[in-house]
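Novice: File name start-v1.txt; file contents compact mmCIF, C-alpha atoms (C1' of nucleotides); full text below.
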```txt
# COMPACT_ATOMS: atom_id res chain seq x y z
CA MET A 1 0.00 0.00 0.00
CA ASN A 2 1.72 3.13 -1.19
CA LEU A 3 0.90 6.75 -0.55
CA THR A 4 0.37 9.33 -3.26
CA PRO A 5 2.52 12.45 -2.87
CA LEU A 6 -0.55 14.37 -1.70
CA ALA A 7 -1.37 11.84 1.00
CA GLU A 8 2.25 11.57 2.01
CA ARG A 9 2.51 15.28 2.65
CA PHE A 10 -0.55 15.14 4.89
CA VAL A 11 0.80 12.17 6.81
CA LEU A 12 4.27 13.65 7.27
CA HIS A 13 2.79 16.94 8.44
CA PHE A 14 0.76 15.19 11.12
CA GLY A 15 3.87 13.36 12.22
CA GLU A 16 5.75 16.62 12.64
CA MET A 17 2.87 18.33 14.44
CA GLY A 18 2.32 15.36 16.72
CA SER A 19 4.72 16.57 19.39
CA ARG A 20 2.88 19.90 19.61
CA TRP A 21 -0.38 18.02 20.02
CA GLY A 22 0.88 15.74 22.76
CA VAL A 23 1.45 12.57 20.75
CA ASN A 24 4.59 11.26 19.09
CA ARG A 25 5.42 11.15 15.41
CA THR A 26 4.24 7.56 14.99
CA VAL A 27 0.86 8.28 16.52
CA GLY A 28 0.42 11.43 14.46
CA GLN A 29 1.22 9.63 11.22
CA ILE A 30 -0.99 6.66 11.98
CA TYR A 31 -3.91 8.92 12.74
CA ALA A 32 -3.37 10.95 9.59
CA LEU A 33 -3.25 7.81 7.49
CA LEU A 34 -6.47 6.46 8.96
CA TYR A 35 -8.12 9.85 8.57
CA ILE A 36 -7.48 10.24 4.84
CA SER A 37 -7.77 6.62 3.81
CA GLY A 38 -11.55 6.60 3.80
CA ARG A 39 -11.61 2.96 4.82
CA PRO A 40 -10.53 0.93 7.86
CA LEU A 41 -6.92 -0.25 7.95
CA CYS A 42 -5.27 -3.05 9.92
CA ALA A 43 -1.92 -2.94 11.70
CA ASP A 44 -0.21 -4.64 8.76
CA ASP A 45 -1.49 -2.04 6.30
CA ILE A 46 -0.29 0.74 8.56
CA GLY A 47 3.11 -0.76 9.32
CA GLU A 48 3.76 -1.47 5.67
CA THR A 49 2.68 1.95 4.45
CA LEU A 50 4.53 3.95 7.09
CA ALA A 51 7.50 1.58 7.55
CA PHE A 52 7.04 1.12 11.29
CA SER A 53 7.61 -2.09 13.21
CA ARG A 54 4.51 -4.05 14.05
CA SER A 55 4.78 -3.41 17.76
CA ASN A 56 5.26 0.29 17.20
CA VAL A 57 2.04 0.32 15.21
CA GLY A 58 0.37 -1.63 18.02
CA ILE A 59 1.43 0.89 20.64
CA GLY A 60 0.39 3.79 18.43
CA ILE A 61 -3.06 2.35 17.86
CA LYS A 62 -3.50 1.70 21.56
CA GLU A 63 -2.74 5.33 22.26
CA LEU A 64 -5.21 6.51 19.62
CA GLN A 65 -7.82 4.29 21.23
CA ALA A 66 -7.06 5.84 24.61
CA TRP A 67 -7.72 9.20 22.97
CA ARG A 68 -10.96 7.73 21.53
CA LEU A 69 -9.80 8.93 18.12
CA VAL A 70 -10.05 5.55 16.40
CA LYS A 71 -12.41 2.70 16.84
CA LEU A 72 -12.02 -0.99 16.22
CA VAL A 73 -14.00 -2.56 13.40
CA HIS A 74 -13.98 -5.95 11.76
CA LEU A 75 -14.16 -6.82 8.11
CA PRO A 76 -16.17 -9.89 7.15
CA GLY A 77 -13.94 -12.91 6.60
CA ASP A 78 -10.85 -11.26 8.09
CA ARG A 79 -9.97 -11.87 11.67
CA ARG A 80 -7.50 -9.06 12.03
CA ASP A 81 -8.42 -5.88 13.86
CA TYR A 82 -9.17 -2.91 11.62
CA PHE A 83 -9.34 0.69 12.73
CA GLU A 84 -11.00 3.86 11.57
CA PRO A 85 -11.62 7.34 12.97
CA PRO A 86 -15.14 8.67 13.58
CA LYS A 87 -16.66 9.57 10.23
CA ASP A 88 -17.93 13.00 11.25
CA VAL A 89 -15.34 15.71 11.86
CA TRP A 90 -17.59 17.23 14.49
CA ASP A 91 -17.41 14.03 16.47
CA ILE A 92 -13.65 14.14 16.22
CA PHE A 93 -13.64 17.74 17.36
CA ARG A 94 -15.86 17.00 20.34
CA VAL A 95 -13.79 14.00 21.44
CA LEU A 96 -10.60 16.01 21.08
CA MET A 97 -11.97 18.79 23.27
CA GLU A 98 -13.15 16.32 25.90
CA GLU A 99 -9.88 14.43 26.03
CA ARG A 100 -7.70 17.51 26.12
CA ARG A 101 -9.82 18.89 28.88
CA ARG A 102 -9.57 15.66 30.85
CA ARG A 103 -5.80 15.48 30.44
CA GLU A 104 -4.77 19.13 30.47
CA ILE A 105 -7.28 20.88 32.69
CA GLU A 106 -9.06 18.55 35.11
CA PRO A 107 -5.94 17.63 37.11
CA THR A 108 -5.17 21.31 37.63
CA LEU A 109 -8.75 22.03 38.61
CA SER A 110 -8.55 19.33 41.30
CA MET A 111 -5.25 20.68 42.59
CA LEU A 112 -6.68 24.20 42.77
CA ARG A 113 -9.82 23.04 44.57
CA GLU A 114 -7.76 21.31 47.24
CA ALA A 115 -5.29 24.17 47.62
CA LEU A 116 -8.12 26.67 48.04
CA LEU A 117 -9.57 24.70 50.96
CA GLU A 118 -6.40 25.16 53.01
CA LYS A 119 -5.97 27.89 55.56
CA PRO A 120 -3.25 30.32 54.45
CA GLU A 121 -0.33 30.34 56.90
CA SER A 122 1.32 33.56 55.77
CA GLU A 123 0.95 36.65 53.66
CA ALA A 124 2.67 34.80 50.79
CA ASP A 125 0.04 32.06 51.08
CA ARG A 126 -2.74 34.61 50.99
CA ILE A 127 -1.33 36.16 47.82
CA ALA A 128 -0.83 32.74 46.25
CA GLN A 129 -4.35 31.64 47.11
CA GLY A 130 -5.73 34.83 45.63
CA ARG A 131 -4.02 34.06 42.34
CA MET A 132 -5.18 30.47 42.48
CA ARG A 133 -8.72 31.65 43.07
CA GLU A 134 -8.59 33.81 39.94
CA MET A 135 -7.33 30.87 37.90
CA HIS A 136 -9.94 28.57 39.41
CA GLU A 137 -12.79 30.92 38.58
CA LEU A 138 -11.66 31.30 35.00
CA ILE A 139 -11.41 27.57 34.49
CA GLU A 140 -14.78 26.89 36.11
CA LEU A 141 -16.43 29.50 33.91
CA THR A 142 -14.96 28.20 30.66
CA THR A 143 -15.41 24.50 31.36
CA GLY A 144 -18.94 25.10 32.58
CA TRP A 145 -19.65 26.88 29.33
CA LEU A 146 -18.12 24.01 27.36
CA ASP A 147 -20.42 21.61 29.20
CA ASP A 148 -23.38 23.69 28.17
CA VAL A 149 -22.30 23.97 24.56
CA GLN A 150 -21.79 20.24 24.33
CA ARG A 151 -25.44 19.79 25.04
CA LEU A 152 -26.36 21.79 21.96
CA SER A 153 -26.73 20.12 18.57
CA PRO A 154 -23.89 20.60 16.09
CA GLU A 155 -26.29 22.63 13.96
CA THR A 156 -26.89 25.06 16.79
CA VAL A 157 -23.17 25.35 17.49
CA ILE A 158 -22.51 26.06 13.84
CA LYS A 159 -25.18 28.72 13.88
CA LEU A 160 -23.63 30.28 16.95
CA MET A 161 -20.20 30.31 15.38
CA GLN A 162 -21.48 31.80 12.16
CA LEU A 163 -23.13 34.53 14.13
CA GLY A 164 -19.66 35.56 15.27
CA ALA A 165 -19.28 38.98 16.83
CA LYS A 166 -22.92 39.75 16.13
CA VAL A 167 -23.60 37.68 19.20
CA GLN A 168 -23.11 40.88 21.14
CA LYS A 169 -26.27 42.37 19.65
CA VAL A 170 -28.15 39.22 20.49
CA LEU A 171 -26.85 39.35 24.03
CA GLU A 172 -28.07 42.91 24.48
CA LEU A 173 -31.44 41.73 23.32
CA ALA A 174 -31.34 38.84 25.76
CA ASP A 175 -30.51 41.26 28.54
CA LYS A 176 -33.58 43.30 27.81
CA LEU A 177 -35.71 40.21 27.77
CA LYS A 178 -34.24 39.17 31.12
CA PHE A 179 -32.94 35.77 30.25
CA GLY A 180 -31.42 34.39 33.42
CA SER A 181 -27.73 33.57 33.51
CA ARG A 182 -26.45 30.01 33.88
CA ASP A 183 -24.90 30.76 37.22
CA SER A 184 -25.70 34.13 38.65
CA GLU A 185 -23.33 33.60 41.61
CA GLY A 186 -20.54 32.77 39.11
CA ALA A 187 -17.21 34.47 38.47
CA ALA A 188 -17.01 38.16 37.81
CA MET B 189 13.68 32.52 49.01
CA ASN B 190 11.76 29.48 50.21
CA LEU B 191 8.36 28.21 49.20
CA THR B 192 5.55 27.49 51.62
CA PRO B 193 4.09 23.97 51.31
CA LEU B 194 1.03 25.46 49.59
CA ALA B 195 3.11 27.29 46.99
CA GLU B 196 5.36 24.30 46.51
CA ARG B 197 2.44 22.05 45.65
CA PHE B 198 1.27 24.53 43.03
CA VAL B 199 4.75 24.83 41.52
CA LEU B 200 5.36 21.09 41.43
CA HIS B 201 1.98 20.49 39.84
CA PHE B 202 2.76 22.92 37.04
CA GLY B 203 6.08 21.19 36.52
CA GLU B 204 4.35 17.83 36.13
CA MET B 205 1.66 19.21 33.83
CA GLY B 206 4.19 21.07 31.70
CA SER B 207 4.76 18.20 29.34
CA ARG B 208 1.04 17.95 28.62
CA TRP B 209 0.99 21.66 27.89
CA GLY B 210 3.93 21.62 25.52
CA VAL B 211 6.63 22.97 27.82
CA ASN B 212 9.16 21.15 29.99
CA ARG B 213 9.20 20.81 33.74
CA THR B 214 11.53 23.75 34.26
CA VAL B 215 9.37 26.09 32.24
CA GLY B 216 6.21 24.93 33.98
CA GLN B 217 7.69 25.48 37.41
CA ILE B 218 9.15 28.88 36.58
CA TYR B 219 5.83 30.07 35.26
CA ALA B 220 3.96 28.78 38.29
CA LEU B 221 6.38 30.50 40.62
CA LEU B 222 6.05 33.83 38.83
CA TYR B 223 2.29 33.44 38.74
CA ILE B 224 1.79 32.99 42.48
CA SER B 225 4.55 35.26 43.71
CA GLY B 226 2.61 38.43 43.21
CA ARG B 227 5.80 40.35 42.45
CA PRO B 228 8.48 40.30 39.75
CA LEU B 229 11.37 37.87 40.25
CA CYS B 230 14.85 37.82 38.74
CA ALA B 231 16.74 34.80 37.43
CA ASP B 232 18.67 34.50 40.70
CA ASP B 233 15.47 34.37 42.77
CA ILE B 234 14.06 31.70 40.49
CA GLY B 235 17.19 29.58 40.33
CA GLU B 236 17.63 29.71 44.07
CA THR B 237 14.01 28.87 44.86
CA LEU B 238 13.65 26.05 42.36
CA ALA B 239 17.24 24.76 42.49
CA PHE B 240 17.91 25.10 38.76
CA SER B 241 21.18 26.17 37.23
CA ARG B 242 21.33 29.77 36.11
CA SER B 243 21.45 28.89 32.43
CA ASN B 244 18.49 26.56 32.76
CA VAL B 245 16.52 29.42 34.26
CA GLY B 246 17.68 31.65 31.41
CA ILE B 247 16.46 29.19 28.79
CA GLY B 248 13.16 28.73 30.61
CA ILE B 249 12.51 32.45 30.80
CA LYS B 250 13.33 32.85 27.14
CA GLU B 251 10.74 30.24 26.28
CA LEU B 252 8.11 31.90 28.46
CA GLN B 253 8.84 35.16 26.69
CA ALA B 254 8.38 33.45 23.33
CA TRP B 255 4.98 32.35 24.62
CA ARG B 256 4.34 35.97 25.69
CA LEU B 257 3.47 34.62 29.14
CA VAL B 258 5.97 36.75 31.04
CA LYS B 259 7.21 40.22 30.50
CA LEU B 260 10.44 41.90 31.41
CA VAL B 261 10.35 44.64 34.03
CA HIS B 262 13.03 46.56 35.90
CA LEU B 263 13.15 47.46 39.55
CA PRO B 264 14.59 50.86 40.42
CA GLY B 265 18.22 50.63 41.49
CA ASP B 266 18.65 47.04 40.34
CA ARG B 267 20.10 46.33 36.97
CA ARG B 268 19.04 42.71 36.77
CA ASP B 269 16.12 41.64 34.60
CA TYR B 270 12.93 40.89 36.51
CA PHE B 271 9.95 39.02 35.12
CA GLU B 272 6.24 38.85 35.81
CA PRO B 273 3.17 37.41 34.10
CA PRO B 274 0.30 39.61 32.92
CA LYS B 275 -1.72 40.66 35.96
CA ASP B 276 -5.13 39.82 34.53
CA VAL B 277 -6.01 36.15 34.09
CA TRP B 278 -8.12 37.05 31.06
CA ASP B 279 -5.05 38.45 29.38
CA ILE B 280 -3.22 35.23 30.13
CA PHE B 281 -6.09 33.21 28.73
CA ARG B 282 -6.21 35.26 25.55
CA VAL B 283 -2.46 35.03 24.96
CA LEU B 284 -2.54 31.29 25.59
CA MET B 285 -5.31 30.81 23.04
CA GLU B 286 -3.49 32.92 20.46
CA GLU B 287 -0.17 31.17 20.93
CA ARG B 288 -1.62 27.68 20.89
CA ARG B 289 -3.53 28.53 17.78
CA ARG B 290 -0.42 29.90 16.12
CA ARG B 291 1.66 26.85 17.03
CA GLU B 292 -0.87 24.03 16.87
CA ILE B 293 -3.36 25.05 14.22
CA GLU B 294 -2.00 27.62 11.76
CA PRO B 295 0.68 25.33 10.28
CA THR B 296 -1.95 22.68 9.59
CA LEU B 297 -4.28 25.23 8.08
CA SER B 298 -1.53 26.31 5.66
CA MET B 299 -0.78 22.72 4.74
CA LEU B 300 -4.46 22.03 4.08
CA ARG B 301 -4.88 25.16 1.98
CA GLU B 302 -1.98 24.15 -0.25
CA ALA B 303 -3.04 20.53 -0.51
CA LEU B 304 -6.57 21.52 -1.50
CA LEU B 305 -5.27 23.59 -4.42
CA GLU B 306 -3.72 20.54 -6.05
CA LYS B 307 -5.44 18.52 -8.74
CA PRO B 308 -6.21 15.02 -7.46
CA GLU B 309 -4.37 12.38 -9.47
CA SER B 310 -6.36 9.35 -8.39
CA GLU B 311 -9.45 8.16 -6.59
CA ALA B 312 -7.39 7.91 -3.39
CA ASP B 313 -6.42 11.56 -3.81
CA ARG B 314 -10.03 12.55 -4.31
CA ILE B 315 -11.04 10.78 -1.09
CA ALA B 316 -8.09 12.29 0.79
CA GLN B 317 -8.91 15.78 -0.44
CA GLY B 318 -12.52 15.33 0.57
CA ARG B 319 -11.41 14.54 4.13
CA MET B 320 -8.98 17.44 4.11
CA ARG B 321 -11.75 19.74 2.95
CA GLU B 322 -13.93 18.71 5.89
CA MET B 323 -11.08 19.37 8.30
CA HIS B 324 -10.29 22.68 6.65
CA GLU B 325 -13.88 23.88 6.89
CA LEU B 326 -14.10 22.98 10.56
CA ILE B 327 -10.89 24.81 11.38
CA GLU B 328 -11.88 27.88 9.38
CA LEU B 329 -15.23 28.04 11.12
CA THR B 330 -13.82 27.73 14.63
CA THR B 331 -10.84 30.04 14.17
CA GLY B 332 -13.05 32.60 12.44
CA TRP B 333 -15.35 32.48 15.43
CA LEU B 334 -12.40 32.87 17.80
CA ASP B 335 -11.33 35.95 15.84
CA ASP B 336 -14.79 37.40 16.31
CA VAL B 337 -14.94 36.61 20.00
CA GLN B 338 -11.56 38.21 20.59
CA ARG B 339 -13.03 41.48 19.41
CA LEU B 340 -15.60 41.39 22.18
CA SER B 341 -14.87 42.85 25.61
CA PRO B 342 -14.09 40.37 28.41
CA GLU B 343 -17.36 41.45 30.04
CA THR B 344 -19.34 40.43 26.98
CA VAL B 345 -17.51 37.12 26.76
CA ILE B 346 -18.26 36.44 30.42
CA LYS B 347 -21.91 37.25 29.81
CA LEU B 348 -21.98 34.87 26.86
CA MET B 349 -20.40 32.08 28.88
CA GLN B 350 -22.76 32.60 31.78
CA LEU B 351 -25.67 32.38 29.40
CA GLY B 352 -24.55 28.84 28.64
CA ALA B 353 -26.99 26.54 26.92
CA LYS B 354 -29.67 29.19 27.10
CA VAL B 355 -27.92 30.71 24.12
CA GLN B 356 -30.05 28.36 22.04
CA LYS B 357 -33.23 30.19 23.00
CA VAL B 358 -31.61 33.48 22.22
CA LEU B 359 -30.47 32.16 18.87
CA GLU B 360 -33.97 31.07 17.95
CA LEU B 361 -35.14 34.52 18.77
CA ALA B 362 -32.36 36.05 16.71
CA ASP B 363 -33.38 33.84 13.80
CA LYS B 364 -36.88 35.21 13.89
CA LEU B 365 -35.55 38.72 13.97
CA LYS B 366 -33.39 37.91 10.95
CA PHE B 367 -29.94 38.68 12.27
CA GLY B 368 -27.54 37.96 9.42
CA SER B 369 -24.85 35.33 9.83
CA ARG B 370 -21.15 36.14 9.81
CA ASP B 371 -20.56 34.09 6.68
CA SER B 372 -23.62 32.81 4.94
CA GLU B 373 -21.51 30.90 2.40
CA GLY B 374 -19.68 29.19 5.27
CA ALA B 375 -19.33 25.53 6.16
CA ALA B 376 -22.35 23.35 6.73
C1' DT C 377 -8.40 -29.45 21.74
C1' DT C 378 -5.09 -28.06 18.36
C1' DA C 379 -2.59 -25.01 15.74
C1' DA C 380 -2.14 -21.02 13.01
C1' DA C 381 -2.89 -16.17 13.07
C1' DT C 382 -2.73 -12.20 15.57
C1' DT C 383 -1.99 -9.15 19.41
C1' DT C 384 0.39 -7.80 23.59
C1' DC C 385 4.34 -7.49 26.39
C1' DC C 386 9.14 -6.58 27.36
C1' DA C 387 14.15 -5.54 27.57
C1' DG C 388 17.55 -3.32 25.43
C1' DA C 389 19.09 -0.06 21.51
C1' DA C 390 18.61 4.29 19.40
C1' DA C 391 17.24 8.91 19.38
C1' DA C 392 15.76 13.12 21.27
C1' DT C 393 15.47 16.27 25.06
C1' DT C 394 16.85 18.48 29.08
C1' DC C 395 20.26 20.16 32.11
C1' DT C 396 24.76 21.78 33.70
C1' DG C 397 29.06 24.45 34.29
C1' DG C 398 31.98 27.32 32.20
C1' DA C 399 33.34 30.49 28.56
C1' DA C 400 32.14 34.38 25.74
C1' DA C 401 29.50 38.39 24.95
C1' DT C 402 26.91 42.22 26.52
C1' DT C 403 25.50 45.81 29.52
C1' DG C 404 25.86 49.83 32.31
C1' DA C 405 27.92 52.50 36.10
C1' DA C 406 31.88 55.08 37.24
C1' DT D 407 37.27 53.55 28.59
C1' DT D 408 37.37 50.22 32.27
C1' DC D 409 35.58 46.70 34.91
C1' DA D 410 32.24 44.29 37.49
C1' DA D 411 27.66 42.45 36.96
C1' DT D 412 24.71 40.05 34.18
C1' DT D 413 23.07 37.48 30.32
C1' DT D 414 23.73 34.41 26.42
C1' DC D 415 25.89 30.68 24.23
C1' DC D 416 27.73 26.04 23.90
C1' DA D 417 29.51 21.22 24.31
C1' DG D 418 29.03 17.35 26.73
C1' DA D 419 26.48 14.59 30.53
C1' DA D 420 22.29 12.88 32.25
C1' DT D 421 17.72 11.75 31.60
C1' DT D 422 13.68 10.60 29.16
C1' DT D 423 11.27 9.04 25.28
C1' DT D 424 10.74 6.29 21.31
C1' DC D 425 11.46 2.24 18.66
C1' DT D 426 12.64 -2.54 17.59
C1' DG D 427 12.67 -7.61 17.39
C1' DG D 428 11.44 -11.45 19.63
C1' DA D 429 8.96 -14.00 23.11
C1' DA D 430 4.67 -14.83 25.47
C1' DA D 431 -0.20 -14.65 25.52
C1' DT D 432 -4.56 -14.61 23.28
C1' DT D 433 -7.92 -15.56 19.90
C1' DT D 434 -10.51 -18.22 16.70
C1' DA D 435 -11.42 -21.57 13.04
C1' DA D 436 -11.44 -26.29 12.36
```
Represent the structure from my file as structure tokens, please.

Specialist:
Amino acid sequence: MNLTPLAERFVLHFGEMGSRWGVNRTVGQIYALLYISGRPLCADDIGETLAFSRSNVGIGIKELQAWRLVKLVHLPGDRRDYFEPPKDVWDIFRVLMEERRRREIEPTLSMLREALLEKPESEADRIAQGRMREMHELIELTTGWLDDVQRLSPETVIKLMQLGAKVQKVLELADKLKFGSRDSEGAA
Amino acid sequence: MNLTPLAERFVLHFGEMGSRWGVNRTVGQIYALLYISGRPLCADDIGETLAFSRSNVGIGIKELQAWRLVKLVHLPGDRRDYFEPPKDVWDIFRVLMEERRRREIEPTLSMLREALLEKPESEADRIAQGRMREMHELIELTTGWLDDVQRLSPETVIKLMQLGAKVQKVLELADKLKFGSRDSEGAA
DNA sequence: TTAAATTTCCAGAAAATTCTGGAAATTGAA
DNA sequence: TTCAATTTCCAGAATTTTCTGGAAATTTAA
């Protein structure tokens, strides 16, 4: 299975970007290959196309599964495991947001929650807790909003995004009509 | 300069999380220290507190400057360079979004734009380009929306976030009142 | 149950990155 | 201009991550 120059460029780019996205080159390339192939691939296909050892492919796929970015499928009459990404890019986007939040934000949120429960022992502690409180409020506000948005249909989200800065006008309108806020005790 | 247990926990946590955020342990810890200190620190302060070599501190600070997460300040009567993060967490948030977008998304957007200009040479190319087009549209829509939101005041953004899922109701209303969309030719 | 196909595990090799101390360059006060 | 303070640069050491081939475990068809 050989790549066309067009596909190869895409795959190599994802490999290079991988490290910025928190995965290694192998994982980036495997994902890119699955994404553009338009059909499920098995570990042999992947290893052959990208010239990785079988176990390297195995590890890469396991990581992509941990990210929920590929799912296992089976082809009739073939007992090997095949893999493919979610068909819909919006699904991919949603999963990516959820996973990054879980890995990059939730642990910090927990740490902040615990730290804010402690009694400050000094002026330095009071200053530090004040800064932590600011960070905590910002994170709570944005993740709470993400929770809300995830409950909307993709169509509604698209509409919201297309509205862009005009959302301000709509907000003014909402103000007049006294729509309640999600959390009126929330962050300033 | 010694850390209280509370501050130390915060600093160590940022060091651990650093790798998930695309910086190394040193950089994570230096940033955390500057963030909770509530006053500018110089390289000596940082190196002494965190037990890093002077040059390691220097490299770490340089990276934080490249991220625009710390700025250089001078204290009267001291010729050393002092550093502090932006005071306002919203500023920090905005800078973080901009930098991550620049590093993690823009290069891919460029690659996709170029790849989509090419004439597909095969069925495989046509499928690959179709997938790339989907990805390109999603990225354009979301980054365009981010551009729009960045033009709003923090107060407006906070209002929007607090509105949460109720934004749907407001959108329906806006529909009736025929607010135009930002880009009516945009992605589906 | 057997045996072939396939996946998972693992230890060491290879590669990449992080970190250090010291040397060189730069800065700024006198 | 001089010189002490400070920052930047750099080569090698230490550490961490990634990758490989082979062995062990698992799966499934017969």

Novice: Please provide as a tab-separated table (two decimals) with C-alpha atoms, in the frame of the given file all residues within 8 Å of Phe83 of chain A, with the sequence filter that same-chain residues fewer than 5 positions apart are discarded (counting only C-alpha atoms (C1' of nucleotides)).

Specialist:
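Ended up saving to out-v1.tsv:
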```tsv
chain	number	residue	atom	x	y	z
A	34	LEU	CA	-6.47	6.46	8.96
A	40	PRO	CA	-10.53	0.93	7.86
A	41	LEU	CA	-6.92	-0.25	7.95
A	42	CYS	CA	-5.27	-3.05	9.92
A	70	VAL	CA	-10.05	5.55	16.40
A	71	LYS	CA	-12.41	2.70	16.84
A	72	LEU	CA	-12.02	-0.99	16.22
A	73	VAL	CA	-14.00	-2.56	13.40
```

Novice: Identify every residue of chain A that has at least one atom within 9 Å of any atom of chain C, counting all atoms listed in the file, and report the result as a PDB file with C-alpha atoms, in the frame of the given file.

Specialist:
```pdb
ATOM      1  CA  SER A  55       4.780  -3.410  17.760  1.00  0.00           C
ATOM      2  CA  GLY A  58       0.370  -1.630  18.020  1.00  0.00           C
ATOM      3  CA  ARG A  79      -9.970 -11.870  11.670  1.00  0.00           C
ATOM      4  CA  ARG A  80      -7.500  -9.060  12.030  1.00  0.00           C
ATOM      5  CA  ASP A  81      -8.420  -5.880  13.860  1.00  0.00           C
TER       6      ASP A  81
END
```

Novice: Hey, which bits of chain D sit within 9 Å of chain B, and for each residue what's the closest pair of atoms and how far apart in Å (one decimal), counting all atoms listed in the file, rows by chain and increasing number, as CSV?

Specialist:
```
residue,atom,partner,partner_atom,distance
D:DA411,C1',B:Arg267,CA,8.5
D:DT412,C1',B:Arg268,CA,6.8
D:DT413,C1',B:Gly246,CA,8.0
D:DT414,C1',B:Gly246,CA,8.3
```

Novice: Using only C-alpha atoms, select each residue of chain A with any atom at most 7 Å away from an atom of chain B, and give the selection as a ChimeraX atom specification.

Specialist: /A:6-7,20-22,36-38,89,104,115,125,127-128,131,134-135,141-142,145,148-149,152,156,161-165,168,170,174,181-183

Novice: In Å to one decimal, how far is atom CA of Arg213 of chain B from atom CA of Met285 of chain B?

Specialist: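 Taking atom CA of Met285 of chain B and atom CA of Arg213 of chain B, their separation equals 20.6 Å.
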
Novice: Name all residues at most 8 Å from Val215 of chain B (count only C-alpha atoms (C1' of nucleotides); drop same-chain ones fewer than 2 positions away) and give them as a list in words.

Specialist: Gly203, Gly206, Val211, Asn212, Arg213, Gln217, Ile218, Tyr219, Gly248, Ile249, Glu251 and Leu252 of chain B

Novice: Using Å and a single decimal, report how far atom CA of Ala254 of chain B sits from atom CA of Pro273 of chain B.

Specialist: 12.6 Å
